[in-house]
Structures are given as structure tokens and as C-alpha cells.
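The structure under discussion appears below in the form of C-alpha cells.
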Amino acid sequence: MVIPVFRNVETLAELIERLRSLSSTLKGELEAVFVVDGSPDQSFTRLSELLPASGLKAQLLSLSRNFGSFAAIRAGLAAGRGEHFAVMAADLQEPAELVLRFHEELSGRGADVVVGTRQKRHDPGAGRIYSAIFWWLYRRLVQSDVPAGGVDVFGCSREVRDSLCALGERNSSLVGLLFWLGYRRVEIPYERLERKSGRSGWSFRRKVQYLLDSVFSFSDLPIKLLFWAGVGGLLLSLIFAVVVAVARIGGFVAVPGYSATVIALCFFGGLNCFGLGVIGGYVWRT
């Protein structure tokens with residue numbers, strides 16, 4: 001079980017108690033991999049104190065700075081030693097028992113990937129609105145098969161873990177890569193709990209950056225828009241050329257050089273967009 005940690009010092013004691021209960025249910029098969037993602041609080045120190053006395057099979061990793069949750073999760077997955085893996089947040093907003101359902105699906109029902117789908121969330125009103133807008137844009141611009149409420153927690157087999165860690169993109173989306181890989185996938189609905197302390201590290205700026213990284217990594221929509229804007233510009237320039245030529249012949253345009261200047265601007269502006277779209281298409285395939 002991989003748990004990225006960033007400013008979660010207040011919840012760590014309760015989190016470890018929940019993990020001890022899970023480990024007991026799983027007959028000691030649970031391994032917890034904590035990855036402190038450059039957290040400015042005392043999360044690493046607190047975990048260093050709590051883990052030795054917890055009785056858990058655990059690893060504690062500390063990144064040299066804050067690389068982001070996806071980099072932390074990737075590091076934790078690479079360090080994990082089990083046959084099945086689960087990723088959970090340290091803020092206790094996802095029920096820890098969800099891991100048991102992940103384990104059931106991965107162990108005996110033939111699933112390779114299990115994702116938790118939020119059916120209800122107890123976040124502040126503004127947070128719910130931002131999240132709904134974000135995932136609506138994500139589903140339409142990036143990957144339509146991502147659940148409407150997004151994905152924060154997932155589980156996977158060792159084979160999927162190996163495939164995921166082998167993909168070395170730096171500015172990408174771990175969730176996007178997980179869905180891009182395919183495999184047999186199962187969705188499990190759950191209710192997101194209210195945050196007990198602190199605030200989410202997913203600021204508006206990070207969400208925008210995440211969306212941009214996902215669009216550029218998994219969609220050629222911007223290139224297609226540029227290409228078709230160029231095609232439209234070229235067609236409009238031809239139509240406009242005919243209109244201006246007729247107006248010039250009819251004496252409606254009296255300014256010297258106006259016709260040639262306007263037609264040239266429209267034509268070469270459209271040609272630039274068209275050319276960039278073509279070049280972008282080749283770069284995308286590369």
C-alpha cells in the first residue's frame with residue numbers, strides 16, 4: 001500500500017491505527033510504503049517515531065523536495081514488494097476499508113486495475129465546484145473513460161505496476177497513464193469523507209497545471225484545432241479575396257494597396273496556422 005505524505009502530520013497517528021486494523025484483517029500481508037513528498041512539517045519525524053512501534057511491515061521514503069503526489073506515488077510503487085498494490089491518501093478522506101475491496105478484486109476476480117469512484121464527497125462547496133469543472137474538462141479534452149468524479153485512489157497488479165513505472169514521462173498524469181495502459185479494470189464506488197485537519201495541497205494552480213500536462217500528454221486536440229483553424233483561415237482568405245477584388249473593380253475600395261495587403265494577411269495567417277498544425281501532427285506522432 002503506497003501512501004504519499006504532504007502536510008499530514010495531524011492524521012498520521014490515526015492513519016497508522018487504521019492500517020494496523022487492515023493488516024490484521026489481511027493476516028499480516030499488508031506492507032505500507034510511506035513517501036514523504038518534501039513535506040515542510042514534521043511528517044517524516046513523526047512517522048519515524050510511530051512506525052517502529054506500530055508492528056506494521058513498512059517502508060519510509062523521503063524525497064529530497066516536493067515533486068508532487070504523482071512522483072511520490074511512482075516512487076512508492078517502485079519500492080513496494082507485494083503482488084498487489086493500492087494507493088491511498090494520508091488525509092483519511094478515503095475509507096481505509098476500500099483497500100480490502102481492492103484486494104478482493106485483484107486477488108480472486110481477475111481484475112488488473114481497480115479504481116475508486118467518488119459517489120459523494122463532503123468537501124467545501126467551492127472545492128466541489130472546482131473539482132466538478134476540472135473533471136468535466138478532463139473527460140472531454142483528455143480521456144472520456146475516466147469516471148465523472150475523477151480518480152484519487154486505485155489498486156493494481158504487479159504487472160500493471162511494472163508497466164506503469166516503466167513509462168518515464170516527467171510532465172504527465174499517473175492516472176492518465178493508468179487508463180492509457182488498458183488492462184482489465186473495475187470501478188468501486190465509495191463516499192469521500194470530510195477532511196479532519198489541514199487543507200488540500202491541490203491548489204487551483206496545481207489543478208490547472210495537471211490539466212495542461214494531461215492535455216499535452218494524452219490528446220492532440222490543440223494540434224487539431226490549430227490545423228482546422230488554418231484550413232478555415234485559408235478558405236476565408238479565398239472568399240475574402242473574391243469579395244475584395246469585386247469591391248475594387250466596382251470602385252468601393254479607393255485606398256491604394258488595401259486589397260493586396262488584406263488578402264496577403266488573411267492568406268498567410270491561415271497558411272501559418274495550417275503549417276503549424278501539420279508540423280504539430282508529425283511531432284505528436286514522434
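Ordering of the C-alpha cells sets the chain letters (A, B, ...); residue numbers start at 1 within each chain; ligands are numbered from 1 in the order shown.
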Looking only at the backbone, which of the residues in stretch 97-155 of chain A does DSSP tag as alpha helix (DSSP H), as a CSV table (one decimal) with all heavy atoms, in the first residue's frame?
```csv
chain,number,residue,atom,x,y,z
A,98,LEU,N,-11.5,0.5,1.9
A,98,LEU,CA,-11.6,0.4,0.4
A,98,LEU,C,-10.4,-0.5,-0.1
A,98,LEU,O,-10.5,-1.2,-1.1
A,98,LEU,CB,-11.4,1.8,-0.2
A,98,LEU,CG,-11.8,2.0,-1.7
A,98,LEU,CD1,-13.3,1.6,-1.9
A,98,LEU,CD2,-11.7,3.5,-2.1
A,99,VAL,N,-9.3,-0.5,0.7
A,99,VAL,CA,-8.2,-1.4,0.3
A,99,VAL,C,-8.6,-2.8,0.3
A,99,VAL,O,-8.1,-3.6,-0.5
A,99,VAL,CB,-7.0,-1.1,1.3
A,99,VAL,CG1,-5.9,-2.1,1.0
A,99,VAL,CG2,-6.5,0.3,1.2
A,100,LEU,N,-9.5,-3.2,1.2
A,100,LEU,CA,-9.9,-4.6,1.3
A,100,LEU,C,-10.7,-5.0,0.0
A,100,LEU,O,-10.5,-6.1,-0.5
A,100,LEU,CB,-10.8,-4.8,2.5
A,100,LEU,CG,-10.1,-4.6,3.9
A,100,LEU,CD1,-11.1,-4.8,5.0
A,100,LEU,CD2,-9.0,-5.6,4.0
A,101,ARG,N,-11.5,-4.1,-0.4
A,101,ARG,CA,-12.3,-4.3,-1.7
A,101,ARG,C,-11.3,-4.4,-2.9
A,101,ARG,O,-11.5,-5.2,-3.8
A,101,ARG,CB,-13.3,-3.3,-1.8
A,101,ARG,CG,-14.3,-3.2,-0.7
A,101,ARG,CD,-15.4,-2.2,-0.9
A,101,ARG,NE,-16.3,-2.6,-2.1
A,101,ARG,CZ,-17.2,-1.9,-2.6
A,101,ARG,NH1,-17.5,-0.7,-2.0
A,101,ARG,NH2,-17.9,-2.3,-3.6
A,102,PHE,N,-10.3,-3.5,-2.9
A,102,PHE,CA,-9.3,-3.6,-3.9
A,102,PHE,C,-8.7,-5.0,-3.9
A,102,PHE,O,-8.5,-5.6,-5.0
A,102,PHE,CB,-8.2,-2.5,-3.7
A,102,PHE,CG,-8.7,-1.1,-4.1
A,102,PHE,CD1,-9.9,-0.9,-4.5
A,102,PHE,CD2,-7.8,-0.1,-3.9
A,102,PHE,CE1,-10.3,0.4,-4.9
A,102,PHE,CE2,-8.2,1.2,-4.2
A,102,PHE,CZ,-9.4,1.5,-4.7
A,103,HIS,N,-8.3,-5.4,-2.7
A,103,HIS,CA,-7.6,-6.7,-2.6
A,103,HIS,C,-8.5,-7.9,-3.1
A,103,HIS,O,-8.0,-8.8,-3.8
A,103,HIS,CB,-7.2,-6.9,-1.1
A,103,HIS,CG,-6.5,-8.2,-0.9
A,103,HIS,ND1,-5.2,-8.5,-1.3
A,103,HIS,CD2,-6.9,-9.4,-0.2
A,103,HIS,CE1,-4.9,-9.7,-0.9
A,103,HIS,NE2,-5.9,-10.2,-0.3
A,104,GLU,N,-9.8,-7.8,-2.8
A,104,GLU,CA,-10.7,-8.9,-3.2
A,104,GLU,C,-10.8,-8.9,-4.8
A,104,GLU,O,-10.7,-10.0,-5.4
A,104,GLU,CB,-12.1,-8.6,-2.7
A,104,GLU,CG,-12.2,-8.8,-1.2
A,104,GLU,CD,-13.5,-8.4,-0.6
A,104,GLU,OE1,-14.4,-8.0,-1.5
A,104,GLU,OE2,-13.8,-8.5,0.6
A,105,GLU,N,-10.9,-7.8,-5.4
A,105,GLU,CA,-11.0,-7.7,-6.8
A,105,GLU,C,-9.7,-8.2,-7.5
A,105,GLU,O,-9.7,-8.9,-8.5
A,105,GLU,CB,-11.3,-6.3,-7.3
A,105,GLU,CG,-12.7,-5.8,-6.9
A,105,GLU,CD,-13.8,-6.5,-7.6
A,105,GLU,OE1,-13.6,-7.2,-8.6
A,105,GLU,OE2,-15.0,-6.4,-7.1
A,106,LEU,N,-8.6,-7.8,-7.0
A,106,LEU,CA,-7.3,-8.1,-7.6
A,106,LEU,C,-6.9,-9.6,-7.3
A,106,LEU,O,-6.2,-10.2,-8.2
A,106,LEU,CB,-6.2,-7.2,-7.1
A,106,LEU,CG,-6.3,-5.7,-7.5
A,106,LEU,CD1,-5.3,-4.9,-6.7
A,106,LEU,CD2,-6.1,-5.6,-8.9
A,107,SER,N,-7.3,-10.1,-6.2
A,107,SER,CA,-6.9,-11.5,-5.8
A,107,SER,C,-7.7,-12.6,-6.5
A,107,SER,O,-7.2,-13.5,-7.0
A,107,SER,CB,-7.0,-11.7,-4.3
A,107,SER,OG,-6.1,-10.8,-3.6
A,108,GLY,N,-9.1,-12.4,-6.5
A,108,GLY,CA,-9.9,-13.5,-6.9
A,108,GLY,C,-10.8,-13.3,-8.0
A,108,GLY,O,-11.5,-14.2,-8.5
A,125,GLY,N,-18.1,23.7,-0.5
A,125,GLY,CA,-18.9,24.0,-1.8
A,125,GLY,C,-18.0,24.4,-2.9
A,125,GLY,O,-18.1,23.9,-4.0
A,126,ALA,N,-17.1,25.3,-2.7
A,126,ALA,CA,-16.2,25.8,-3.7
A,126,ALA,C,-15.3,24.7,-4.3
A,126,ALA,O,-15.1,24.6,-5.5
A,126,ALA,CB,-15.3,27.0,-3.2
A,127,GLY,N,-14.8,23.8,-3.3
A,127,GLY,CA,-14.0,22.7,-3.8
A,127,GLY,C,-14.7,21.7,-4.6
A,127,GLY,O,-14.2,21.2,-5.6
A,128,ARG,N,-16.0,21.5,-4.3
A,128,ARG,CA,-16.8,20.6,-5.1
A,128,ARG,C,-17.0,21.1,-6.5
A,128,ARG,O,-17.0,20.4,-7.5
A,128,ARG,CB,-18.1,20.3,-4.5
A,128,ARG,CG,-18.0,19.5,-3.2
A,128,ARG,CD,-19.4,18.9,-2.8
A,128,ARG,NE,-20.4,19.9,-2.6
A,128,ARG,CZ,-20.6,20.4,-1.4
A,128,ARG,NH1,-19.8,20.1,-0.3
A,128,ARG,NH2,-21.5,21.4,-1.2
A,129,ILE,N,-17.2,22.5,-6.6
A,129,ILE,CA,-17.5,23.1,-7.9
A,129,ILE,C,-16.2,23.0,-8.8
A,129,ILE,O,-16.3,22.7,-9.9
A,129,ILE,CB,-17.9,24.6,-7.7
A,129,ILE,CG1,-19.3,24.6,-7.0
A,129,ILE,CG2,-18.0,25.3,-9.0
A,129,ILE,CD1,-19.8,26.0,-6.6
A,130,TYR,N,-15.1,23.4,-8.2
A,130,TYR,CA,-13.8,23.4,-8.9
A,130,TYR,C,-13.5,22.0,-9.4
A,130,TYR,O,-13.1,21.8,-10.5
A,130,TYR,CB,-12.7,23.9,-8.0
A,130,TYR,CG,-12.7,25.3,-7.7
A,130,TYR,CD1,-12.1,25.8,-6.5
A,130,TYR,CD2,-13.3,26.2,-8.6
A,130,TYR,CE1,-12.2,27.2,-6.2
A,130,TYR,CE2,-13.3,27.6,-8.3
A,130,TYR,CZ,-12.8,28.1,-7.1
A,130,TYR,OH,-12.8,29.4,-6.8
A,131,SER,N,-13.7,21.0,-8.5
A,131,SER,CA,-13.5,19.6,-8.9
A,131,SER,C,-14.4,19.1,-10.0
A,131,SER,O,-13.9,18.5,-11.0
A,131,SER,CB,-13.6,18.7,-7.7
A,131,SER,OG,-13.4,17.3,-8.0
A,132,ALA,N,-15.7,19.5,-9.9
A,132,ALA,CA,-16.6,19.1,-11.0
A,132,ALA,C,-16.2,19.7,-12.3
A,132,ALA,O,-16.2,19.0,-13.4
A,132,ALA,CB,-18.0,19.5,-10.6
A,133,ILE,N,-15.8,21.0,-12.3
A,133,ILE,CA,-15.4,21.6,-13.6
A,133,ILE,C,-14.1,21.0,-14.1
A,133,ILE,O,-14.0,20.7,-15.3
A,133,ILE,CB,-15.2,23.1,-13.3
A,133,ILE,CG1,-16.5,23.8,-13.0
A,133,ILE,CG2,-14.5,23.8,-14.6
A,133,ILE,CD1,-16.4,25.3,-12.6
A,134,PHE,N,-13.2,20.7,-13.2
A,134,PHE,CA,-11.9,20.1,-13.6
A,134,PHE,C,-12.1,18.8,-14.3
A,134,PHE,O,-11.6,18.5,-15.4
A,134,PHE,CB,-11.0,20.0,-12.4
A,134,PHE,CG,-9.7,19.2,-12.7
A,134,PHE,CD1,-8.7,19.9,-13.3
A,134,PHE,CD2,-9.7,17.9,-12.5
A,134,PHE,CE1,-7.5,19.2,-13.6
A,134,PHE,CE2,-8.5,17.2,-12.8
A,134,PHE,CZ,-7.4,17.8,-13.3
A,135,TRP,N,-12.9,17.9,-13.7
A,135,TRP,CA,-13.1,16.6,-14.2
A,135,TRP,C,-14.0,16.6,-15.4
A,135,TRP,O,-13.8,15.7,-16.3
A,135,TRP,CB,-13.6,15.6,-13.2
A,135,TRP,CG,-12.5,15.2,-12.2
A,135,TRP,CD1,-12.5,15.6,-10.8
A,135,TRP,CD2,-11.3,14.5,-12.4
A,135,TRP,NE1,-11.3,15.1,-10.3
A,135,TRP,CE2,-10.6,14.4,-11.2
A,135,TRP,CE3,-10.8,13.9,-13.5
A,135,TRP,CZ2,-9.4,13.8,-11.1
A,135,TRP,CZ3,-9.6,13.2,-13.4
A,135,TRP,CH2,-8.9,13.2,-12.2
A,136,TRP,N,-14.9,17.5,-15.5
A,136,TRP,CA,-15.7,17.7,-16.8
A,136,TRP,C,-14.8,18.0,-17.9
A,136,TRP,O,-14.9,17.4,-19.0
A,136,TRP,CB,-16.7,18.7,-16.6
A,136,TRP,CG,-17.7,18.9,-17.7
A,136,TRP,CD1,-18.8,18.2,-18.0
A,136,TRP,CD2,-17.5,19.9,-18.8
A,136,TRP,NE1,-19.4,18.7,-19.2
A,136,TRP,CE2,-18.6,19.7,-19.7
A,136,TRP,CE3,-16.6,20.8,-19.1
A,136,TRP,CZ2,-18.8,20.4,-20.9
A,136,TRP,CZ3,-16.7,21.6,-20.3
A,136,TRP,CH2,-17.8,21.4,-21.1
A,137,LEU,N,-13.9,19.0,-17.7
A,137,LEU,CA,-12.9,19.3,-18.8
A,137,LEU,C,-12.0,18.1,-19.1
A,137,LEU,O,-11.7,17.9,-20.3
A,137,LEU,CB,-12.1,20.5,-18.4
A,137,LEU,CG,-12.9,21.9,-18.3
A,137,LEU,CD1,-12.0,22.9,-17.7
A,137,LEU,CD2,-13.3,22.3,-19.7
A,138,TYR,N,-11.5,17.4,-18.1
A,138,TYR,CA,-10.6,16.3,-18.3
A,138,TYR,C,-11.3,15.2,-19.1
A,138,TYR,O,-10.6,14.7,-20.0
A,138,TYR,CB,-10.2,15.8,-16.9
A,138,TYR,CG,-9.1,14.8,-16.9
A,138,TYR,CD1,-7.8,15.2,-16.7
A,138,TYR,CD2,-9.3,13.4,-17.3
A,138,TYR,CE1,-6.7,14.3,-16.7
A,138,TYR,CE2,-8.3,12.5,-17.3
A,138,TYR,CZ,-7.0,12.9,-17.0
A,138,TYR,OH,-5.9,12.0,-17.1
A,139,ARG,N,-12.5,14.9,-18.8
A,139,ARG,CA,-13.2,13.8,-19.6
A,139,ARG,C,-13.4,14.2,-21.0
A,139,ARG,O,-13.4,13.4,-21.9
A,139,ARG,CB,-14.5,13.5,-18.9
A,139,ARG,CG,-14.4,12.7,-17.6
A,139,ARG,CD,-15.6,12.7,-16.8
A,139,ARG,NE,-16.8,12.3,-17.6
A,139,ARG,CZ,-17.2,11.1,-17.8
A,139,ARG,NH1,-16.5,10.0,-17.4
A,139,ARG,NH2,-18.3,10.9,-18.5
A,140,ARG,N,-13.6,15.5,-21.3
A,140,ARG,CA,-13.9,15.9,-22.7
A,140,ARG,C,-12.6,16.3,-23.5
A,140,ARG,O,-12.6,16.1,-24.7
A,140,ARG,CB,-14.8,17.1,-22.7
A,140,ARG,CG,-16.3,16.6,-22.5
A,140,ARG,CD,-17.2,17.6,-21.8
A,140,ARG,NE,-18.5,17.0,-21.6
A,140,ARG,CZ,-18.8,16.1,-20.6
A,140,ARG,NH1,-17.8,15.7,-19.8
A,140,ARG,NH2,-20.0,15.6,-20.5
A,141,LEU,N,-11.6,16.7,-22.8
A,141,LEU,CA,-10.4,17.1,-23.5
A,141,LEU,C,-9.3,16.0,-23.5
A,141,LEU,O,-8.4,16.0,-24.4
A,141,LEU,CB,-9.8,18.4,-22.9
A,141,LEU,CG,-10.7,19.6,-22.9
A,141,LEU,CD1,-10.0,20.8,-22.2
A,141,LEU,CD2,-11.0,20.0,-24.4
```
Quiz prompt | Atomic distance atom CA of A:Asn272 - atom CA of A:Asp220, expressed in Å with one decimal | solution = 18.1 Å
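Distance annotation: of A:Arg248, A:Arg170, A:Arg158, A:Arg185, the residue with the minimal separation from A:Phe67 is A:Arg170; atom set is only C-alpha atoms.
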Quiz item: Could you name the residues that touch A:Phe240 at 9 Å or less, counting only C-alpha atoms, but leaving out those on the same chain fewer than 5 positions away, as a ChimeraX atom specification?
Solution: /A:235,245,262-263,266
Exercise. Grab the atom CA of A:Val175 to atom CA of A:Ser48 distance for me, in Å with one decimal place.
Key: 29.3 Å
Quiz prompt | Counting only C-alpha atoms, the option among A:Ile73, A:Val246, A:Leu51, A:Val2 closest to A:Val33 | solution =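 Ranked by minimum distance to A:Val33, first place goes to A:Val2.
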